[in-house]
$ cat run_6.pdb   # PDB, C-alpha atoms
ATOM      1  CA  MET A 219       2.614 -23.923  23.360
ATOM      2  CA  PHE A 220       1.939 -22.245  20.029
ATOM      3  CA  THR A 221       3.085 -18.660  19.593
ATOM      4  CA  VAL A 222       1.058 -16.699  17.054
ATOM      5  CA  TYR A 223       3.038 -13.773  15.682
ATOM      6  CA  VAL A 224       1.033 -10.999  14.013
ATOM      7  CA  TYR A 225       3.230  -8.922  11.732
ATOM      8  CA  ALA A 226       2.547  -5.257  12.494
ATOM      9  CA  LEU A 227       3.294  -2.887   9.627
ATOM     10  CA  ASP A 228       2.067   0.594   8.774
ATOM     11  CA  THR A 229      -1.392   0.646   7.126
ATOM     12  CA  LEU A 230      -2.146  -2.855   8.435
ATOM     13  CA  ALA A 231      -5.714  -3.768   7.409
ATOM     14  CA  ASP A 232      -7.306  -4.052  10.852
ATOM     15  CA  TRP A 233     -10.455  -5.943   9.810
ATOM     16  CA  GLU A 234      -8.606  -8.783   8.099
ATOM     17  CA  LEU A 235      -7.190  -9.974  11.424
ATOM     18  CA  GLY A 236     -10.230  -9.389  13.614
ATOM     19  CA  TYR A 237     -11.870 -12.807  13.536
ATOM     20  CA  VAL A 238      -8.747 -14.883  14.055
ATOM     21  CA  THR A 239      -6.881 -12.785  16.613
ATOM     22  CA  ALA A 240     -10.001 -12.249  18.747
ATOM     23  CA  GLU A 241     -10.681 -15.973  18.977
ATOM     24  CA  LEU A 242      -7.085 -17.075  19.512
ATOM     25  CA  ASN A 243      -6.451 -14.453  22.165
ATOM     26  CA  SER A 244      -9.769 -14.654  24.052
ATOM     27  CA  LYS A 245      -9.961 -18.482  23.901
ATOM     28  CA  ARG A 246     -13.703 -18.114  24.523
ATOM     29  CA  PHE A 247     -14.663 -21.075  22.331
ATOM     30  CA  PHE A 248     -11.618 -23.281  22.946
ATOM     31  CA  LYS A 249     -12.123 -26.935  23.723
ATOM     32  CA  ARG A 250     -11.008 -28.200  27.145
ATOM     33  CA  GLU A 251      -7.851 -29.909  25.868
ATOM     34  CA  ALA A 252      -6.841 -27.117  23.490
ATOM     35  CA  PRO A 253      -3.121 -26.418  23.171
ATOM     36  CA  SER A 254      -1.851 -23.241  24.823
ATOM     37  CA  ILE A 255      -1.788 -20.202  22.541
ATOM     38  CA  SER A 256       0.105 -16.949  22.955
ATOM     39  CA  VAL A 257      -0.594 -14.046  20.578
ATOM     40  CA  LYS A 258       2.168 -11.491  19.993
ATOM     41  CA  THR A 259       2.717  -8.629  17.584
ATOM     42  CA  ALA A 260       6.041  -8.496  15.737
ATOM     43  CA  GLY A 261       7.499  -5.584  13.829
ATOM     44  CA  ILE A 262      10.581  -4.505  11.934
ATOM     45  CA  SER A 263      11.453  -2.894  15.241
ATOM     46  CA  LYS A 264       9.532  -2.140  18.406
ATOM     47  CA  GLU A 265       8.599   1.309  17.146
ATOM     48  CA  PRO A 266       4.828   1.998  17.002
ATOM     49  CA  ILE A 267       2.972   1.544  13.724
ATOM     50  CA  LYS A 268      -0.356   2.981  12.563
ATOM     51  CA  THR A 269      -2.992   0.655  11.186
ATOM     52  CA  MET A 270      -5.247   1.563   8.274
ATOM     53  CA  GLY A 271      -7.932   2.307  10.851
ATOM     54  CA  GLY A 272      -5.669   4.775  12.642
ATOM     55  CA  LEU A 273      -4.897   2.592  15.652
ATOM     56  CA  THR A 274      -1.431   2.612  17.184
ATOM     57  CA  VAL A 275       0.231  -0.758  17.688
ATOM     58  CA  ILE A 276       3.491  -1.179  19.600
ATOM     59  CA  PRO A 277       5.068  -4.507  18.582
ATOM     60  CA  ASP A 278       5.808  -6.965  21.365
ATOM     61  CA  CYS A 279       8.933  -8.191  19.613
ATOM     62  CA  SER A 280      11.040  -7.679  16.513
ATOM     63  CA  VAL A 281      11.181  -9.983  13.497
ATOM     64  CA  SER A 282      14.561 -11.291  14.634
ATOM     65  CA  GLU A 283      12.935 -12.583  17.837
ATOM     66  CA  ILE A 284      10.398 -14.788  16.047
ATOM     67  CA  ALA A 285      11.178 -18.396  16.959
ATOM     68  CA  VAL A 286      11.697 -20.651  13.946
ATOM     69  CA  ASN A 287      10.082 -23.934  14.966
ATOM     70  CA  GLU A 288       6.908 -25.945  14.340
ATOM     71  CA  LYS A 289       5.110 -24.237  17.218
ATOM     72  CA  SER A 290       5.276 -20.802  15.584
ATOM     73  CA  VAL A 291       2.403 -19.339  13.562
ATOM     74  CA  LEU A 292       2.930 -16.216  11.455
ATOM     75  CA  LEU A 293      -0.011 -14.024  10.417
ATOM     76  CA  LEU A 294       0.718 -11.611   7.581
ATOM     77  CA  PRO A 295      -2.100  -9.058   7.150
ATOM     78  CA  GLY A 296      -2.852  -6.923   4.147
ATOM     79  CA  ALA A 297      -1.467  -3.386   3.991
ATOM     80  CA  ASP A 298      -0.721  -0.646   1.470
ATOM     81  CA  THR A 299       2.995  -0.737   2.260
ATOM     82  CA  TRP A 300       4.005  -4.293   1.280
ATOM     83  CA  ASN A 301       6.020  -3.105  -1.728
ATOM     84  CA  SER A 302       8.588  -1.506   0.583
ATOM     85  CA  PRO A 303      11.902  -3.408   0.644
ATOM     86  CA  LYS A 304      12.035  -3.014   4.430
ATOM     87  CA  HIS A 305       9.648  -5.966   4.723
ATOM     88  CA  GLY A 306      12.239  -8.308   3.238
ATOM     89  CA  ALA A 307      13.172  -9.595   6.700
ATOM     90  CA  ILE A 308       9.691 -10.899   7.501
ATOM     91  CA  ILE A 309       9.334 -12.524   4.075
ATOM     92  CA  LYS A 310      12.670 -14.264   4.571
ATOM     93  CA  LYS A 311      11.443 -15.391   7.996
ATOM     94  CA  ALA A 312       8.228 -16.688   6.403
ATOM     95  CA  GLY A 313      10.291 -18.866   4.069
ATOM     96  CA  GLU A 314      12.287 -20.257   6.981
ATOM     97  CA  LEU A 315       9.113 -21.001   8.925
ATOM     98  CA  LEU A 316       7.521 -22.843   6.002
ATOM     99  CA  LEU A 317      10.615 -25.030   5.622
ATOM    100  CA  THR A 318      10.537 -25.811   9.344
ATOM    101  CA  GLY A 319       6.892 -26.897   9.233
ATOM    102  CA  ALA A 320       5.565 -23.835  11.028
ATOM    103  CA  THR A 321       2.286 -22.301   9.839
ATOM    104  CA  VAL A 322       2.359 -19.163   7.681
ATOM    105  CA  CYS A 323      -0.910 -17.351   6.969
ATOM    106  CA  ALA A 324      -1.099 -14.474   4.481
ATOM    107  CA  ILE A 325      -4.066 -12.402   3.349
ATOM    108  CA  CYS A 326      -4.602  -9.798   0.637
ATOM    109  CA  GLY A 327      -1.432  -7.768  -0.095
ATOM    110  CA  ALA A 328       0.736 -10.088   1.969
ATOM    111  CA  THR A 329       0.152 -12.852  -0.584
ATOM    112  CA  ALA A 330       1.786 -10.674  -3.240
ATOM    113  CA  ALA A 331       4.860 -10.297  -1.050
ATOM    114  CA  LEU A 332       5.134 -14.094  -0.755
ATOM    115  CA  ALA A 333       4.532 -14.526  -4.475
ATOM    116  CA  ASN A 334       7.307 -12.121  -5.376
ATOM    117  CA  VAL A 335       9.957 -14.335  -3.760
ATOM    118  CA  GLY A 336       8.618 -17.593  -5.171
ATOM    119  CA  LEU A 337       6.930 -18.926  -2.028
ATOM    120  CA  LEU A 338       3.672 -19.531  -3.933
ATOM    121  CA  ASP A 339       5.219 -21.075  -7.042
ATOM    122  CA  ARG A 340       4.678 -24.694  -5.954
ATOM    123  CA  ARG A 341       1.914 -24.497  -3.356
ATOM    124  CA  LEU A 342      -1.845 -24.208  -3.681
ATOM    125  CA  HIS A 343      -2.805 -20.639  -2.855
ATOM    126  CA  THR A 344      -5.210 -17.788  -3.486
ATOM    127  CA  SER A 345      -5.184 -13.999  -3.432
ATOM    128  CA  ASN A 346      -7.215 -11.117  -4.835
ATOM    129  CA  GLY A 347      -7.085 -12.822  -8.240
ATOM    130  CA  ALA A 348      -4.355 -14.448 -10.324
ATOM    131  CA  GLY A 349      -4.131 -11.216 -12.285
ATOM    132  CA  TYR A 350      -3.532  -9.324  -9.066
ATOM    133  CA  LEU A 351      -0.497 -11.440  -8.235
ATOM    134  CA  GLU A 352       0.887 -11.032 -11.755
ATOM    135  CA  MET A 353       0.405  -7.270 -11.528
ATOM    136  CA  CYS A 354       1.915  -6.856  -8.056
ATOM    137  CA  SER A 355       4.578  -9.573  -8.156
ATOM    138  CA  PRO A 356       6.717  -9.544 -11.337
ATOM    139  CA  CYS A 357       8.487 -12.765 -10.265
ATOM    140  CA  TYR A 358       5.266 -14.747  -9.692
ATOM    141  CA  LYS A 359       5.248 -18.126 -11.455
ATOM    142  CA  GLY A 360       2.584 -20.005  -9.491
ATOM    143  CA  GLN A 361      -0.380 -19.582 -11.832
ATOM    144  CA  GLN A 362      -0.999 -23.317 -12.116
ATOM    145  CA  PHE A 363      -1.359 -23.562  -8.333
ATOM    146  CA  TYR A 364      -3.807 -20.659  -8.034
ATOM    147  CA  VAL A 365      -7.241 -21.567  -6.601
ATOM    148  CA  ASP A 366     -10.133 -19.165  -7.078
ATOM    149  CA  LYS A 367     -11.561 -19.326  -3.544
ATOM    150  CA  PRO A 368     -11.707 -16.808  -0.655
ATOM    151  CA  SER A 369      -9.158 -18.792   1.361
ATOM    152  CA  VAL A 370      -7.004 -21.835   0.626
ATOM    153  CA  ALA A 371      -5.117 -24.089   3.041
ATOM    154  CA  ASP A 372      -2.202 -26.134   1.709
ATOM    155  CA  HIS A 373      -0.680 -27.916   4.706
ATOM    156  CA  ASN A 374       1.190 -25.212   6.637
ATOM    157  CA  LEU A 375       0.446 -22.351   4.209
ATOM    158  CA  ILE A 376      -2.935 -20.592   4.415
ATOM    159  CA  THR A 377      -3.655 -17.749   2.005
ATOM    160  CA  ALA A 378      -6.731 -15.577   1.499
ATOM    161  CA  SER A 379      -8.179 -12.782  -0.575
ATOM    162  CA  SER A 380      -9.185  -9.440   0.897
ATOM    163  CA  THR A 381     -12.753 -10.803   1.246
ATOM    164  CA  GLY A 382     -11.714 -14.125   2.781
ATOM    165  CA  ALA A 383     -10.969 -13.124   6.380
ATOM    166  CA  LEU A 384     -13.684 -15.286   7.947
ATOM    167  CA  LEU A 385     -12.804 -18.478   6.069
ATOM    168  CA  TRP A 386      -9.093 -17.714   6.606
ATOM    169  CA  ALA A 387      -9.752 -17.526  10.355
ATOM    170  CA  LYS A 388     -11.661 -20.808  10.239
ATOM    171  CA  GLN A 389      -8.816 -22.585   8.450
ATOM    172  CA  ILE A 390      -6.216 -21.208  10.883
ATOM    173  CA  ILE A 391      -8.294 -22.277  13.899
ATOM    174  CA  GLU A 392      -8.759 -25.700  12.310
ATOM    175  CA  ARG A 393      -5.025 -26.018  11.715
ATOM    176  CA  LEU A 394      -4.309 -25.270  15.387
ATOM    177  CA  GLU A 395      -7.029 -27.678  16.605
ATOM    178  CA  VAL A 396      -8.202 -25.369  19.392
ATOM    179  CA  PHE A 397     -11.963 -25.737  18.737
ATOM    180  CA  GLN A 398     -14.027 -28.889  18.711
ATOM    181  CA  PRO A 399     -15.012 -29.588  15.064
ATOM    182  CA  ASN A 400     -18.704 -28.986  15.769
ATOM    183  CA  THR A 401     -17.880 -25.721  17.566
ATOM    184  CA  LEU A 402     -15.856 -24.521  14.592
ATOM    185  CA  GLU A 403     -18.618 -25.367  12.117
ATOM    186  CA  ALA A 404     -21.253 -23.648  14.263
ATOM    187  CA  TRP A 405     -18.985 -20.618  14.744
ATOM    188  CA  TYR A 406     -18.381 -20.280  11.013
ATOM    189  CA  THR A 407     -22.044 -20.799  10.132
ATOM    190  CA  TYR A 408     -23.153 -18.177  12.630
ATOM    191  CA  PHE A 409     -20.695 -15.496  11.533
ATOM    192  CA  SER A 410     -21.239 -16.180   7.840
ATOM    193  CA  SER A 411     -25.055 -16.178   8.082
ATOM    194  CA  GLY A 412     -25.866 -13.938  11.052
ATOM    195  CA  ARG A 413     -28.837 -16.123  11.966
ATOM    196  CA  GLU A 414     -29.598 -16.366  15.665
ATOM    197  CA  GLN A 415     -30.317 -20.104  15.639
ATOM    198  CA  HIS A 416     -26.704 -20.718  14.721
ATOM    199  CA  PHE A 417     -25.564 -18.628  17.694
ATOM    200  CA  PHE A 418     -27.535 -20.878  20.034
ATOM    201  CA  ALA A 419     -26.203 -23.936  18.223
ATOM    202  CA  LEU A 420     -22.694 -22.585  18.815
ATOM    203  CA  MET A 421     -23.363 -22.115  22.529
ATOM    204  CA  GLN A 422     -24.611 -25.690  22.822
ATOM    205  CA  THR A 423     -21.290 -27.064  21.553
ATOM    206  CA  LEU A 424     -19.296 -25.504  24.387
ATOM    207  CA  PRO A 425     -18.149 -27.282  27.573
ATOM    208  CA  ALA A 426     -20.481 -26.816  30.542
ATOM    209  CA  ASN A 427     -18.018 -24.554  32.361
ATOM    210  CA  LYS A 428     -18.258 -22.017  29.522
TER     211      LYS A 428
END

$ encode --input "run_6.pdb" --output "structure tokens"
Amino acid sequence: MFTVYVYALDTLADWELGYVTAELNSKRFFKREAPSISVKTAGISKEPIKTMGGLTVIPDCSVSEIAVNEKSVLLLPGADTWNSPKHGAIIKKAGELLLTGATVCAICGATAALANVGLLDRRLHTSNGAGYLEMCSPCYKGQQFYVDKPSVADHNLITASSTGALLWAKQIIERLEVFQPNTLEAWYTYFSSGREQHFFALMQTLPANK
């Protein structure tokens, strides 16, 4: 079973997680033989946090409880508070997970936190612009690995810009192999275009029992 840990920090950008957490938790478009997925929130502690949208989230577990193995997936959302040193523990955990072969997924401001400790120096990645990483992360040295796309997957590291949430979700779902390939393509096409014919195409890819 895969455990997807969503890092919950104050001012978490709610919308950046919406596509991926909704699909992984609801399992509404999963293929029949999809691996089991559990979605949990993880925080510095189990004290409530407030998202950017004003929602209260009570973490299910603390950072220290995140299992370091290949079946763990860490989602690091954007937030206005990433420059606080108190997030050092989750960034250290992200490094451990990457070394173990676990999947680490960072979007928007979270990419700057990874860049600042060198985790993007030798991996293909993206963010809100190479200049953004240089501005926010004084220790960043990964310019030659920067890719100017909304979201970039490099093996077990998936990074995205603040406008890349949908493609980021697609790449995470693809990494976990929980959708049939044609379901994933139809899902992405529908949500990126909004055209009703793609919704019906998506429905036609699902198993009969769904």

$ residues_near_point --input "run_6.pdb" --point "(-12.5, -23.1, 22.5)" --cutoff "8 Å" --atoms "all atoms listed in the file" --output "list of chain:residue names"
A:Lys245, A:Arg246, A:Phe247, A:Phe248, A:Lys249, A:Arg250, A:Ala252, A:Val396, A:Phe397, A:Gln398, A:Thr401, A:Leu424

$ atom_distance --input "run_6.pdb" --atom1 "atom CA of A:Ala226" --atom2 "atom CA of A:Val365"
27.0 Å

$ atom_distance --input "run_6.pdb" --atom1 "atom CA of A:Met270" --atom2 "atom CA of A:Lys367"
24.8 Å

$ resolve_selection --input "run_6.pdb" --expression "the PyMOL selection byres ((chain A and resi 322) around 6)" --output "list in words"
Val291, Leu292, Thr321, Cys323 and Leu375 of chain A

$ write_last_selection --input "run_6.pdb" --atoms "C-alpha atoms" --output "CSV table (one decimal), keeping the file's coordinate frame"
chain,number,residue,atom,x,y,z
A,291,VAL,CA,2.4,-19.3,13.6
A,292,LEU,CA,2.9,-16.2,11.5
A,321,THR,CA,2.3,-22.3,9.8
A,323,CYS,CA,-0.9,-17.4,7.0
A,375,LEU,CA,0.4,-22.4,4.2

$ closest_residue --input "run_6.pdb" --among "A:Thr274, A:Thr381, A:Ser282, A:Asn243" --to "A:Gly327" --atoms "only C-alpha atoms"
A:Thr381

$ closest_atom_pairs --input "run_6.pdb" --of "stretch 252-281 of chain A" --to "stretch 387-394 of chain A" --cutoff "12 Å" --atoms "only C-alpha atoms" --output "JSON lines"
{"residue": "A:Ala252", "atom": "CA", "partner": "A:Leu394", "partner_atom": "CA", "distance": 8.7}
{"residue": "A:Pro253", "atom": "CA", "partner": "A:Leu394", "partner_atom": "CA", "distance": 8.0}
{"residue": "A:Ser254", "atom": "CA", "partner": "A:Leu394", "partner_atom": "CA", "distance": 10.0}
{"residue": "A:Ile255", "atom": "CA", "partner": "A:Leu394", "partner_atom": "CA", "distance": 9.1}

$ residues_around --input "run_6.pdb" --residues "stretch 293-305 of chain A" --least-positions-apart "6" --cutoff "6 Å" --atoms "all atoms listed in the file" --output "list of chain:residue names"
A:Val224, A:Tyr225, A:Thr229, A:Leu230, A:Ala231, A:Cys323, A:Ala324, A:Ile325, A:Cys326, A:Gly327, A:Ala328

$ write_last_selection --input "run_6.pdb" --atoms "C-alpha atoms" --output "PDB file, in the coordinates of the input"
ATOM      1  CA  VAL A 224       1.033 -10.999  14.013  1.00  0.00           C
ATOM      2  CA  TYR A 225       3.230  -8.922  11.732  1.00  0.00           C
ATOM      3  CA  THR A 229      -1.392   0.646   7.126  1.00  0.00           C
ATOM      4  CA  LEU A 230      -2.146  -2.855   8.435  1.00  0.00           C
ATOM      5  CA  ALA A 231      -5.714  -3.768   7.409  1.00  0.00           C
ATOM      6  CA  CYS A 323      -0.910 -17.351   6.969  1.00  0.00           C
ATOM      7  CA  ALA A 324      -1.099 -14.474   4.481  1.00  0.00           C
ATOM      8  CA  ILE A 325      -4.066 -12.402   3.349  1.00  0.00           C
ATOM      9  CA  CYS A 326      -4.602  -9.798   0.637  1.00  0.00           C
ATOM     10  CA  GLY A 327      -1.432  -7.768  -0.095  1.00  0.00           C
ATOM     11  CA  ALA A 328       0.736 -10.088   1.969  1.00  0.00           C
TER      12      ALA A 328
END

$ closest_residue --input "run_6.pdb" --among "A:Thr259, A:Ser369, A:Thr377, A:Ser244" --to "A:Leu337" --atoms "all atoms listed in the file"
A:Thr377

$ axis_aligned_box --input "run_6.pdb" --around "stretch 306-317 of chain A" --padding-each-side "5 Å" --output "lines of an AutoDock Vina configuration file"
center_x = 10.3
center_y = -16.7
center_z = 6.1
size_x = 15.7
size_y = 26.7
size_z = 15.7

$ closest_residue --input "run_6.pdb" --among "A:Cys357, A:Leu316, A:Leu402, A:Leu351" --to "A:Ile376" --atoms "all atoms listed in the file"
A:Leu316

$ closest_residue --input "run_6.pdb" --among "A:Val286, A:Leu273, A:Val257, A:Ala348" --to "A:Leu227" --atoms "only C-alpha atoms"
A:Leu273
